[in-house]
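What follows is the content of target-v9.tsv, which has TSV, C-alpha atoms and all ligand atoms:
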```
chain	number	residue	atom	x	y	z
O	1	GLU	CA	-44.75	61.01	12.48
O	2	LYS	CA	-46.00	59.94	9.04
O	3	ASP	CA	-42.44	60.04	7.65
O	4	GLY	CA	-43.40	62.55	5.00
O	5	HIS	CA	-46.43	60.58	3.82
O	6	ASP	CA	-49.94	62.06	3.69
O	7	TRP	CA	-51.50	59.08	5.50
O	8	PHE	CA	-50.44	56.57	8.11
O	9	MET	CA	-51.77	53.94	5.73
O	10	ARG	CA	-49.34	54.97	3.01
O	11	LYS	CA	-46.49	55.05	5.52
O	12	GLU	CA	-47.46	51.58	6.70
O	13	ILE	CA	-47.63	50.24	3.15
O	14	PHE	CA	-44.05	51.35	2.64
O	15	GLU	CA	-42.97	49.81	5.94
O	16	GLN	CA	-43.88	46.35	4.69
O	17	PRO	CA	-40.41	45.24	3.57
O	18	ARG	CA	-39.19	45.93	7.13
O	19	ALA	CA	-42.26	44.39	8.77
O	20	VAL	CA	-41.88	41.16	6.79
O	21	ALA	CA	-38.12	41.02	7.45
O	22	ASP	CA	-38.70	41.52	11.20
O	23	SER	CA	-41.30	38.76	11.28
O	24	LEU	CA	-38.70	36.36	9.88
O	25	ILE	CA	-35.84	37.24	12.24
O	26	GLY	CA	-34.57	34.46	14.48
O	27	ARG	CA	-36.80	31.73	13.08
O	28	ARG	CA	-33.99	29.40	11.97
O	29	THR	CA	-31.36	27.80	14.19
O	30	ALA	CA	-27.75	27.54	13.08
O	31	ALA	CA	-28.52	23.91	12.20
O	32	GLY	CA	-31.26	25.05	9.84
O	33	GLN	CA	-34.17	23.94	12.05
O	34	LEU	CA	-37.21	26.18	12.21
O	35	GLN	CA	-38.03	27.47	15.69
O	36	LEU	CA	-41.07	29.34	16.99
O	37	ASP	CA	-39.82	30.28	20.46
O	38	GLU	CA	-42.76	32.03	21.96
O	39	MET	CA	-45.20	29.41	20.78
O	40	ARG	CA	-45.55	27.41	24.02
O	41	LEU	CA	-47.10	24.40	22.25
O	42	ALA	CA	-45.15	21.17	22.62
O	43	ASP	CA	-44.21	19.30	19.45
O	44	GLU	CA	-46.18	16.26	20.74
O	45	GLU	CA	-49.29	18.40	21.02
O	46	LEU	CA	-48.83	19.61	17.44
O	47	ARG	CA	-48.25	16.05	16.25
O	48	ASP	CA	-51.60	15.03	17.78
O	49	VAL	CA	-53.54	17.73	15.95
O	50	ASP	CA	-55.87	16.13	13.42
O	51	LYS	CA	-57.80	19.22	12.37
O	52	ILE	CA	-57.15	22.95	12.34
O	53	ILE	CA	-59.85	25.59	12.40
O	54	ILE	CA	-58.73	29.13	11.67
O	55	ILE	CA	-60.97	31.85	13.06
O	56	ALA	CA	-60.66	35.55	12.28
O	57	CYS	CA	-62.51	38.59	10.91
O	58	GLY	CA	-62.02	40.88	7.93
O	59	THR	CA	-58.51	41.13	6.57
O	60	SER	CA	-57.25	38.61	9.13
O	61	PHE	CA	-59.82	36.13	7.78
O	62	TYR	CA	-58.33	36.52	4.30
O	63	ALA	CA	-54.87	35.82	5.72
O	64	GLY	CA	-56.48	32.67	7.15
O	65	MET	CA	-57.72	31.64	3.70
O	66	VAL	CA	-54.16	31.80	2.38
O	67	ALA	CA	-53.00	29.88	5.47
O	68	LYS	CA	-55.42	27.05	4.67
O	69	TYR	CA	-53.83	26.55	1.25
O	70	ALA	CA	-50.31	26.58	2.73
O	71	ILE	CA	-50.98	24.38	5.76
O	72	GLU	CA	-52.91	21.74	3.85
O	73	HIS	CA	-50.33	21.63	1.06
O	74	TRP	CA	-47.29	21.44	3.30
O	75	THR	CA	-48.64	19.41	6.25
O	76	ARG	CA	-51.60	17.43	4.86
O	77	THR	CA	-53.60	18.42	7.96
O	78	PRO	CA	-57.20	19.39	7.18
O	79	VAL	CA	-57.93	23.08	7.75
O	80	GLU	CA	-61.21	24.96	7.93
O	81	VAL	CA	-61.36	28.75	7.87
O	82	GLU	CA	-64.29	30.35	9.57
O	83	LEU	CA	-65.49	33.85	10.32
O	84	ALA	CA	-65.14	34.30	14.07
O	85	SER	CA	-68.61	35.83	14.27
O	86	GLU	CA	-70.20	32.64	12.87
O	87	PHE	CA	-68.10	30.04	14.63
O	88	ARG	CA	-69.74	29.45	17.99
O	89	TYR	CA	-73.29	29.81	16.74
O	90	ARG	CA	-73.23	26.69	14.59
O	91	ASP	CA	-72.18	24.07	17.16
O	92	PRO	CA	-68.76	23.37	15.58
O	93	ILE	CA	-67.19	19.91	15.94
O	94	ILE	CA	-64.10	20.41	18.07
O	95	ASP	CA	-62.25	18.47	20.75
O	96	SER	CA	-58.78	18.21	22.28
O	97	THR	CA	-57.21	17.14	18.97
O	98	THR	CA	-58.47	20.28	17.22
O	99	LEU	CA	-56.10	23.22	16.97
O	100	ILE	CA	-57.79	26.59	16.72
O	101	VAL	CA	-55.67	29.28	15.09
O	102	ALA	CA	-57.05	32.73	15.93
O	103	ILE	CA	-55.65	35.52	13.77
O	104	SER	CA	-55.99	39.10	15.02
O	105	GLN	CA	-53.88	42.17	14.47
O	106	SER	CA	-55.29	44.11	17.42
O	107	GLY	CA	-55.80	41.16	19.76
O	108	GLU	CA	-58.99	42.80	20.98
O	109	THR	CA	-61.61	41.80	18.40
O	110	ALA	CA	-64.66	40.70	20.39
O	111	ASP	CA	-65.95	38.21	17.82
O	112	THR	CA	-62.60	36.42	17.76
O	113	LEU	CA	-62.23	36.49	21.54
O	114	GLN	CA	-65.68	34.97	22.05
O	115	ALA	CA	-64.90	32.25	19.52
O	116	ILE	CA	-61.68	31.44	21.43
O	117	ARG	CA	-63.58	31.17	24.69
O	118	HIS	CA	-66.05	28.80	23.11
O	119	ALA	CA	-63.29	26.63	21.62
O	120	ARG	CA	-61.43	26.39	24.92
O	121	SER	CA	-64.60	25.41	26.73
O	122	GLN	CA	-64.69	22.42	24.34
O	123	ARG	CA	-61.06	21.54	25.28
O	124	ALA	CA	-59.55	22.63	21.95
O	125	LYS	CA	-56.08	24.18	22.01
O	126	VAL	CA	-55.88	27.77	20.78
O	127	LEU	CA	-52.90	29.34	19.06
O	128	ALA	CA	-53.11	33.10	18.49
O	129	ILE	CA	-51.37	34.95	15.69
O	130	CYS	CA	-51.31	38.51	16.95
O	131	ASN	CA	-49.56	41.84	16.50
O	132	THR	CA	-50.23	43.31	19.93
O	133	ASN	CA	-48.21	42.11	22.90
O	134	GLY	CA	-50.22	41.34	25.98
O	135	SER	CA	-53.61	41.99	24.36
O	136	SER	CA	-56.69	39.95	25.28
O	137	ILE	CA	-56.51	37.34	22.51
O	138	PRO	CA	-52.96	36.08	23.21
O	139	ARG	CA	-53.66	36.27	26.94
O	140	GLU	CA	-56.64	33.96	26.58
O	141	SER	CA	-54.90	31.54	24.19
O	142	ASP	CA	-52.70	28.52	24.93
O	143	ALA	CA	-49.97	29.72	22.62
O	144	VAL	CA	-49.04	32.67	20.46
O	145	ILE	CA	-46.97	33.62	17.46
O	146	TYR	CA	-46.39	37.36	17.49
O	147	THR	CA	-46.18	39.26	14.23
O	148	HIS	CA	-43.71	42.14	14.13
O	149	ALA	CA	-45.53	44.73	12.07
O	150	GLY	CA	-45.16	47.40	14.76
O	151	PRO	CA	-48.15	49.57	15.67
O	152	GLU	CA	-50.67	49.84	12.86
O	153	ILE	CA	-52.49	53.17	13.00
O	154	GLY	CA	-54.34	53.39	9.69
O	155	VAL	CA	-57.73	51.74	10.17
O	156	ALA	CA	-57.26	49.63	7.05
O	157	SER	CA	-54.88	46.78	7.76
O	158	THR	CA	-51.81	46.57	5.48
O	159	LYS	CA	-48.56	45.57	7.18
O	160	GLY	CA	-50.68	43.65	9.68
O	161	PHE	CA	-51.91	41.47	6.82
O	162	LEU	CA	-48.47	40.79	5.36
O	163	THR	CA	-47.00	39.82	8.71
O	164	GLN	CA	-49.98	37.56	9.42
O	165	LEU	CA	-49.24	35.78	6.15
O	166	VAL	CA	-45.62	35.32	7.21
O	167	ALA	CA	-46.68	33.90	10.59
O	168	CYS	CA	-49.06	31.49	8.84
O	169	TYR	CA	-46.32	30.27	6.50
O	170	LEU	CA	-43.99	29.79	9.47
O	171	LEU	CA	-46.63	27.84	11.36
O	172	ALA	CA	-47.28	25.65	8.32
O	173	LEU	CA	-43.58	24.96	7.81
O	174	TYR	CA	-43.05	24.31	11.50
O	175	MET	CA	-45.88	21.77	11.47
O	176	ALA	CA	-44.36	20.14	8.38
O	177	GLN	CA	-41.06	19.87	10.27
O	178	VAL	CA	-42.69	18.42	13.40
O	179	LYS	CA	-44.88	15.99	11.47
O	180	GLY	CA	-42.06	15.00	9.12
O	181	THR	CA	-44.12	15.39	5.95
O	182	ARG	CA	-42.41	15.13	2.60
O	183	PHE	CA	-42.19	18.91	2.50
O	184	GLY	CA	-39.91	18.73	5.55
O	185	ASP	CA	-37.00	18.55	3.10
O	186	GLU	CA	-38.09	21.70	1.32
O	187	ILE	CA	-38.30	23.91	4.39
O	188	ASP	CA	-34.88	25.41	3.76
O	189	GLU	CA	-35.76	26.27	0.21
O	190	ILE	CA	-39.10	27.83	1.17
O	191	MET	CA	-37.48	29.79	4.01
O	192	GLU	CA	-35.00	31.19	1.51
O	193	GLN	CA	-37.87	32.21	-0.75
O	194	LEU	CA	-39.53	33.92	2.23
O	195	GLU	CA	-36.31	35.67	3.15
O	196	ALA	CA	-36.15	37.08	-0.38
O	197	MET	CA	-39.61	38.63	0.03
O	198	PRO	CA	-38.62	41.98	1.59
O	199	GLY	CA	-36.55	42.67	-1.55
O	200	HIS	CA	-39.43	41.65	-3.83
O	201	ILE	CA	-41.86	43.82	-1.86
O	202	GLU	CA	-39.46	46.73	-2.25
O	203	THR	CA	-39.42	46.17	-6.02
O	204	VAL	CA	-43.22	46.23	-6.29
O	205	LEU	CA	-43.46	49.37	-4.16
O	206	GLU	CA	-40.96	51.10	-6.45
O	207	GLY	CA	-43.67	50.87	-9.10
O	208	ALA	CA	-46.20	52.75	-6.94
O	209	ASP	CA	-46.51	55.76	-9.26
O	210	ALA	CA	-47.87	53.71	-12.14
O	211	VAL	CA	-50.49	52.18	-9.82
O	212	TYR	CA	-51.44	55.63	-8.49
O	213	GLU	CA	-51.97	56.83	-12.03
O	214	LEU	CA	-54.29	53.90	-12.72
O	215	ALA	CA	-56.20	54.55	-9.50
O	216	ARG	CA	-56.74	58.21	-10.39
O	217	ALA	CA	-57.83	57.25	-13.90
O	218	HIS	CA	-60.55	55.05	-12.39
O	219	ALA	CA	-61.66	57.41	-9.63
O	220	THR	CA	-65.08	58.04	-11.16
O	221	THR	CA	-66.07	54.39	-11.53
O	222	ARG	CA	-69.05	53.15	-9.51
O	223	SER	CA	-67.89	49.59	-9.17
O	224	VAL	CA	-64.71	47.49	-9.36
O	225	LEU	CA	-64.30	43.72	-9.54
O	226	PHE	CA	-61.31	41.67	-8.41
O	227	LEU	CA	-60.52	38.20	-9.72
O	228	GLY	CA	-58.07	35.62	-8.45
O	229	ARG	CA	-57.52	31.89	-8.20
O	230	HIS	CA	-55.81	29.67	-5.64
O	231	ALA	CA	-53.86	31.91	-3.20
O	232	GLY	CA	-54.82	34.84	-5.45
O	233	TYR	CA	-58.48	34.42	-4.54
O	234	PRO	CA	-58.13	35.74	-0.96
O	235	VAL	CA	-55.97	38.51	-2.44
O	236	ALA	CA	-58.91	39.49	-4.67
O	237	LEU	CA	-61.22	39.52	-1.64
O	238	GLU	CA	-58.77	41.63	0.36
O	239	GLY	CA	-58.27	44.06	-2.54
O	240	ALA	CA	-62.04	44.53	-2.73
O	241	LEU	CA	-62.33	45.04	1.03
O	242	LYS	CA	-59.66	47.76	0.94
O	243	LEU	CA	-61.58	49.61	-1.76
O	244	LYS	CA	-64.93	49.31	0.05
O	245	GLU	CA	-63.46	50.55	3.30
O	246	LEU	CA	-61.51	53.48	1.91
O	247	ALA	CA	-63.24	54.60	-1.28
O	248	TYR	CA	-66.82	53.60	-0.29
O	249	LEU	CA	-67.15	51.96	-3.69
O	250	HIS	CA	-68.96	48.83	-4.66
O	251	ALA	CA	-66.11	46.34	-4.93
O	252	GLU	CA	-66.29	42.55	-5.07
O	253	GLY	CA	-63.71	39.82	-5.23
O	254	PHE	CA	-64.39	36.51	-6.94
O	255	ALA	CA	-62.67	33.24	-7.55
O	256	ALA	CA	-62.19	33.52	-11.31
O	257	GLY	CA	-63.62	30.02	-11.83
O	258	GLU	CA	-66.92	31.18	-10.36
O	259	LEU	CA	-67.44	33.91	-12.97
O	260	LYS	CA	-69.53	31.80	-15.27
O	261	HIS	CA	-71.71	30.71	-12.34
O	262	GLY	CA	-73.17	34.17	-11.96
O	263	PRO	CA	-70.88	37.14	-11.42
O	264	ILE	CA	-70.10	37.58	-15.12
O	265	ALA	CA	-73.59	39.05	-15.45
O	266	LEU	CA	-72.26	42.12	-13.61
O	267	VAL	CA	-69.74	42.92	-16.32
O	268	GLU	CA	-70.59	45.91	-18.49
O	269	GLU	CA	-68.74	48.28	-20.79
O	270	GLY	CA	-65.85	49.99	-19.05
O	271	LEU	CA	-66.06	48.12	-15.72
O	272	PRO	CA	-62.56	47.94	-14.19
O	273	VAL	CA	-61.58	44.36	-13.31
O	274	LEU	CA	-58.34	43.78	-11.40
O	275	CYS	CA	-56.98	40.32	-12.09
O	276	VAL	CA	-54.40	38.54	-9.95
O	277	VAL	CA	-52.76	36.19	-12.45
O	278	PRO	CA	-51.16	33.08	-10.89
O	279	PRO	CA	-47.52	32.38	-11.77
O	280	LYS	CA	-46.95	30.27	-14.89
O	281	GLY	CA	-46.56	26.88	-13.26
O	282	ARG	CA	-46.86	23.34	-14.47
O	283	ASP	CA	-50.58	23.12	-13.89
O	284	SER	CA	-53.42	24.62	-15.84
O	285	LEU	CA	-54.30	27.29	-13.28
O	286	HIS	CA	-52.64	30.06	-15.27
O	287	GLY	CA	-54.40	29.11	-18.49
O	288	LYS	CA	-57.77	28.96	-16.74
O	289	MET	CA	-57.19	32.42	-15.34
O	290	LEU	CA	-56.37	33.75	-18.81
O	291	SER	CA	-59.62	32.42	-20.20
O	292	GLY	CA	-61.54	34.08	-17.35
O	293	ILE	CA	-59.84	37.37	-18.19
O	294	GLN	CA	-60.69	36.95	-21.88
O	295	GLU	CA	-64.32	36.37	-21.00
O	296	VAL	CA	-64.73	39.56	-18.99
O	297	ARG	CA	-62.81	41.56	-21.57
O	298	ALA	CA	-65.00	40.26	-24.39
O	299	ARG	CA	-67.93	41.75	-22.48
O	300	GLY	CA	-66.37	45.20	-22.30
O	301	ALA	CA	-64.46	45.08	-19.00
O	302	ARG	CA	-61.24	47.07	-18.65
O	303	THR	CA	-58.71	44.58	-17.37
O	304	ILE	CA	-55.90	45.58	-15.04
O	305	CYS	CA	-53.71	42.51	-14.70
O	306	LEU	CA	-51.13	41.72	-12.03
O	307	ALA	CA	-48.79	39.16	-13.56
O	308	GLU	CA	-45.29	37.91	-12.95
O	309	ALA	CA	-42.30	39.32	-14.80
O	310	GLY	CA	-41.74	37.58	-18.11
O	311	ASP	CA	-45.31	36.37	-18.49
O	312	THR	CA	-45.96	37.61	-22.02
O	313	SER	CA	-49.03	35.43	-22.59
O	314	ILE	CA	-51.11	37.91	-20.59
O	315	GLU	CA	-50.25	40.90	-22.78
O	316	PRO	CA	-53.03	40.54	-25.38
O	317	TYR	CA	-55.69	40.48	-22.65
O	318	ALA	CA	-54.50	43.23	-20.33
O	319	ASP	CA	-55.59	46.83	-20.84
O	320	ASP	CA	-53.09	47.66	-18.13
O	321	LEU	CA	-50.36	45.46	-16.75
O	322	ILE	CA	-48.68	45.59	-13.35
O	323	ARG	CA	-45.63	43.36	-13.02
O	324	LEU	CA	-44.96	41.16	-9.99
O	325	PRO	CA	-41.70	39.40	-9.13
O	326	LYS	CA	-41.45	35.69	-9.93
O	327	VAL	CA	-42.40	33.83	-6.73
O	328	PRO	CA	-44.17	30.52	-5.97
O	329	VAL	CA	-47.98	30.63	-6.08
O	330	LEU	CA	-48.41	30.07	-2.33
O	331	LEU	CA	-46.20	33.06	-1.52
O	332	GLN	CA	-47.61	35.32	-4.24
O	333	PRO	CA	-50.11	37.05	-1.91
O	334	LEU	CA	-47.15	38.81	-0.23
O	335	VAL	CA	-46.45	40.71	-3.43
O	336	ALA	CA	-49.82	40.65	-5.21
O	337	ILE	CA	-51.68	42.52	-2.48
O	338	LEU	CA	-49.34	45.53	-2.66
O	339	PRO	CA	-50.69	47.13	-5.86
O	340	LEU	CA	-54.22	46.61	-4.54
O	341	GLN	CA	-53.37	48.44	-1.29
O	342	LEU	CA	-51.78	51.28	-3.26
O	343	PHE	CA	-54.76	51.38	-5.64
O	344	ALA	CA	-57.31	51.70	-2.83
O	345	CYS	CA	-55.27	54.27	-0.92
O	346	GLU	CA	-54.79	56.49	-3.96
O	347	LEU	CA	-58.33	56.17	-5.28
O	348	ALA	CA	-59.76	57.14	-1.88
O	349	THR	CA	-57.33	60.07	-1.70
O	350	ALA	CA	-58.44	61.22	-5.16
O	351	LEU	CA	-62.06	61.14	-3.95
O	352	GLY	CA	-61.11	63.31	-0.99
O	353	HIS	CA	-61.80	60.71	1.70
O	354	ASP	CA	-60.00	60.39	5.02
O	355	VAL	CA	-57.93	57.27	4.36
O	356	ASP	CA	-56.77	56.77	7.94
O	357	GLN	CA	-60.23	57.19	9.50
O	358	PRO	CA	-62.81	55.87	7.05
O	359	ARG	CA	-66.42	56.59	7.95
O	360	ASN	CA	-68.23	54.11	10.23
O	361	LEU	CA	-65.08	52.09	11.02
O	362	ALA	CA	-62.98	51.65	14.15
O	363	LYS	CA	-59.48	50.20	14.42
O	364	SER	CA	-60.43	47.54	16.89
O	365	VAL	CA	-63.91	46.18	17.06
O	366	THR	CA	-64.53	45.39	20.71
O	367	VAL	CA	-68.25	44.69	20.44
O	368	GLU	CA	-69.82	41.60	18.88
O	401	LIG	C1	-59.63	45.71	7.26
O	401	LIG	C2	-59.58	45.63	8.71
O	401	LIG	C3	-60.57	44.78	9.42
O	401	LIG	C4	-59.83	43.89	10.44
O	401	LIG	C5	-60.82	43.08	11.28
O	401	LIG	C6	-60.10	42.16	12.25
O	401	LIG	O1	-58.70	46.58	6.74
O	401	LIG	O2	-58.74	46.24	9.31
O	401	LIG	O3	-61.30	43.99	8.54
O	401	LIG	O4	-58.96	43.06	9.75
O	401	LIG	O5	-61.65	43.96	12.01
O	401	LIG	O6	-59.27	42.86	13.11
O	401	LIG	P1	-58.18	42.14	13.97
O	401	LIG	O7	-57.18	41.55	13.04
O	401	LIG	O8	-57.58	43.23	14.82
O	401	LIG	O9	-58.86	41.09	14.79
```

Translate this file's structure into structure tokens.
Ligand code: F6R
Amino acid sequence: EKDGHDWFMRKEIFEQPRAVADSLIGRRTAAGQLQLDEMRLADEELRDVDKIIIIACGTSFYAGMVAKYAIEHWTRTPVEVELASEFRYRDPIIDSTTLIVAISQSGETADTLQAIRHARSQRAKVLAICNTNGSSIPRESDAVIYTHAGPEIGVASTKGFLTQLVACYLLALYMAQVKGTRFGDEIDEIMEQLEAMPGHIETVLEGADAVYELARAHATTRSVLFLGRHAGYPVALEGALKLKELAYLHAEGFAAGELKHGPIALVEEGLPVLCVVPPKGRDSLHGKMLSGIQEVRARGARTICLAEAGDTSIEPYADDLIRLPKVPVLLQPLVAILPLQLFACELATALGHDVDQPRNLAKSVTVE
């Protein structure tokens, strides 16, 4: 049942090329138009949306953070991302022109469900992004985009996360199409980049052994930091969450630009710091990330850098280097999270922990 793997989590990590491919099937018409069949929201309703609030918990919340970057960039619609457990307790400003996007793998998370109920009582429309057919969250929403990860058994979400990202990109592109933003013309190109992702994911997973070796080499550390910028920032947060959940280690993710505002004080000799390096683009993001990496390294950190193929500028600052395929920054989370999943899974295994059933955690959290 685990396909020869020791853990469901590891099996599910290796299912990700298939899960991402399945989540993309049937999304384009012969004429090249994007379609989200099961969505049940009329194009006019989407056109009227003037604000989006994404609500979710845990890993799904981090998918929501990536979604904010994609939706705002491609559709110019303002997006807030909020923890479902905080949402209804702060008297949020919502009305019938607000679209709530609720992201949940299980579809049964009580915090998210309660937030949906609150939003609907204020006449907001709710779109669920969910992996479980017929679960409570899609049933109580106005519309749904199903992800096609298949059942996720390991408590730590992996393929659930990747397919949520795909659904968020599809939603963003669909909105760009409906609203006719200037990115409308680029939808084809971005869809092609998405359709290339299963192959890229495969390539990164082929390098699993090198990541496992790194994980085992760091198994005795007491703390690990994760740094990212832009869409790599939620990846850093998700990488840290995986390590907390599975290895019971102190792990924290930071936006690399925040380092100098406090977190750099944590850096001491030998501290492993995993760095998600943005692709080398036209802007200065990449250079800023490099200087952040230099700063932690100058203070004794051991830097493990995830950087795109051909990026040689990172070499002097990386104690260890994991290569990622060349993809646009907004799509990079789909490949950058993979080594972090593998790292957490292997490190927890080396410590002798039960990876599929970490202590104190349940697969779906049905109490608030
Ligand atoms: C982390 C993890 C949790 C869930 C969170 C939300 O690996 O699995 O953080 O992401 O409990 O669950 P869903 O997506 O089912 O609402």

Within-8 Å residues of ligand LIG 401 (chain O), basis all atoms listed in the file, as a PDB file with C-alpha atoms, in the coordinates of the input:
```pdb
ATOM      1  CA  ALA O  56     -60.660  35.550  12.280  1.00  0.00           C
ATOM      2  CA  CYS O  57     -62.510  38.590  10.910  1.00  0.00           C
ATOM      3  CA  GLY O  58     -62.020  40.880   7.930  1.00  0.00           C
ATOM      4  CA  THR O  59     -58.510  41.130   6.570  1.00  0.00           C
ATOM      5  CA  SER O  60     -57.250  38.610   9.130  1.00  0.00           C
ATOM      6  CA  PHE O  61     -59.820  36.130   7.780  1.00  0.00           C
ATOM      7  CA  ILE O 103     -55.650  35.520  13.770  1.00  0.00           C
ATOM      8  CA  SER O 104     -55.990  39.100  15.020  1.00  0.00           C
ATOM      9  CA  GLN O 105     -53.880  42.170  14.470  1.00  0.00           C
ATOM     10  CA  SER O 106     -55.290  44.110  17.420  1.00  0.00           C
ATOM     11  CA  GLY O 107     -55.800  41.160  19.760  1.00  0.00           C
ATOM     12  CA  GLU O 108     -58.990  42.800  20.980  1.00  0.00           C
ATOM     13  CA  THR O 109     -61.610  41.800  18.400  1.00  0.00           C
ATOM     14  CA  THR O 112     -62.600  36.420  17.760  1.00  0.00           C
ATOM     15  CA  CYS O 130     -51.310  38.510  16.950  1.00  0.00           C
ATOM     16  CA  VAL O 155     -57.730  51.740  10.170  1.00  0.00           C
ATOM     17  CA  ALA O 156     -57.260  49.630   7.050  1.00  0.00           C
ATOM     18  CA  SER O 157     -54.880  46.780   7.760  1.00  0.00           C
ATOM     19  CA  THR O 158     -51.810  46.570   5.480  1.00  0.00           C
ATOM     20  CA  GLY O 160     -50.680  43.650   9.680  1.00  0.00           C
ATOM     21  CA  PHE O 161     -51.910  41.470   6.820  1.00  0.00           C
ATOM     22  CA  LEU O 241     -62.330  45.040   1.030  1.00  0.00           C
ATOM     23  CA  LYS O 242     -59.660  47.760   0.940  1.00  0.00           C
ATOM     24  CA  GLU O 245     -63.460  50.550   3.300  1.00  0.00           C
ATOM     25  CA  LYS O 363     -59.480  50.200  14.420  1.00  0.00           C
ATOM     26  CA  SER O 364     -60.430  47.540  16.890  1.00  0.00           C
ATOM     27  CA  VAL O 365     -63.910  46.180  17.060  1.00  0.00           C
TER      28      VAL O 365
END
```

Per-residue nearest contacts region 274-337 of chain O to region 167-189 of chain O, cut-off 12 Å, using only C-alpha atoms, as a tab-separated table:
```
residue	atom	partner	partner_atom	distance
O:Pro328	CA	O:Glu189	CA	11.3
O:Leu330	CA	O:Tyr169	CA	9.1
O:Leu331	CA	O:Tyr169	CA	8.5
O:Gln332	CA	O:Tyr169	CA	11.9
O:Pro333	CA	O:Tyr169	CA	11.4
O:Leu334	CA	O:Tyr169	CA	10.9
```

Å distance separating CA of Val355 (chain O) from CA of Pro17 (chain O), one decimal place: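 Straight-line distance from CA of Val355 (chain O) to CA of Pro17 (chain O) works out to 21.3 Å.
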
Between CA of Asp320 (chain O) and CA of Leu214 (chain O) - distance in Å to one decimal: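 CA of Leu214 (chain O) sits 8.3 Å away from CA of Asp320 (chain O).
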
Nearest to Leu351 (chain O), chosen from O:Gln16, O:Ser291, O:Thr220, O:Thr312, with only C-alpha atoms counted in the distances: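 Selected residue with least distance to Leu351 (chain O): O:Thr220.
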
Neighbour residues at most 7 Å from (-57.2, 21.5, 19.4) (all atoms listed in the file) as number ranges by chain: O: 49, 95-100, 124-126

Pro279 (chain O) surroundings by all atoms listed in the file, 12 Å radius, close-in-sequence under 2 positions cut, as JSON, numbers by chain: {"O": [228, 229, 230, 231, 232, 276, 277, 281, 282, 283, 284, 285, 286, 287, 288, 289, 290, 306, 307, 308, 309, 310, 311, 312, 313, 314, 323, 324, 325, 326, 327, 328, 329, 330, 331, 332, 333, 335, 336]}

Residue among O:Pro272, O:Gly292, O:Gly239, O:Gly154 lying closest to Tyr62 (chain O), counting all atoms listed in the file: O:Gly239

Straight-line distance linking CA of Leu338 (chain O) with CA of Glu80 (chain O), stated in Å to one decimal: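 CA of Glu80 (chain O) lies 26.0 Å from CA of Leu338 (chain O).
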
Spatial neighbours of Gly253 (chain O), max dist 9 Å, only C-alpha atoms, sep filter under 5 positions, as a list in words: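 Using only C-alpha atoms, the neighbours found are Val224, Leu225, Phe226, Leu227, Gly228, Tyr233, Pro234, Val235, Ala236, Leu237, Glu238, Gly239, Ala240 and Leu241 of chain O.
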
Expected file: the selected residues, C-alpha atoms, as a PDB file, in the coordinates of the input:
```pdb
ATOM      1  CA  VAL O 224     -64.710  47.490  -9.360  1.00  0.00           C
ATOM      2  CA  LEU O 225     -64.300  43.720  -9.540  1.00  0.00           C
ATOM      3  CA  PHE O 226     -61.310  41.670  -8.410  1.00  0.00           C
ATOM      4  CA  LEU O 227     -60.520  38.200  -9.720  1.00  0.00           C
ATOM      5  CA  GLY O 228     -58.070  35.620  -8.450  1.00  0.00           C
ATOM      6  CA  TYR O 233     -58.480  34.420  -4.540  1.00  0.00           C
ATOM      7  CA  PRO O 234     -58.130  35.740  -0.960  1.00  0.00           C
ATOM      8  CA  VAL O 235     -55.970  38.510  -2.440  1.00  0.00           C
ATOM      9  CA  ALA O 236     -58.910  39.490  -4.670  1.00  0.00           C
ATOM     10  CA  LEU O 237     -61.220  39.520  -1.640  1.00  0.00           C
ATOM     11  CA  GLU O 238     -58.770  41.630   0.360  1.00  0.00           C
ATOM     12  CA  GLY O 239     -58.270  44.060  -2.540  1.00  0.00           C
ATOM     13  CA  ALA O 240     -62.040  44.530  -2.730  1.00  0.00           C
ATOM     14  CA  LEU O 241     -62.330  45.040   1.030  1.00  0.00           C
TER      15      LEU O 241
END
```

For region 24-39 of chain O: contacts at 6 Å, all atoms listed in the file, fewer than 4 positions along chain excluded, given as a PyMOL selection string: chain O and resi 143-145

Contacts of Ile54 (chain O) within 6 Å, all atoms listed in the file, excl. fewer than 2 positions in-chain, as JSON, numbers by chain: {"O": [81, 100, 101, 102]}

Residue with smallest distance to Arg117 (chain O) - pool O:Ile55, O:Val204, O:Ala215, O:Ile304, counting only C-alpha atoms: O:Ile55
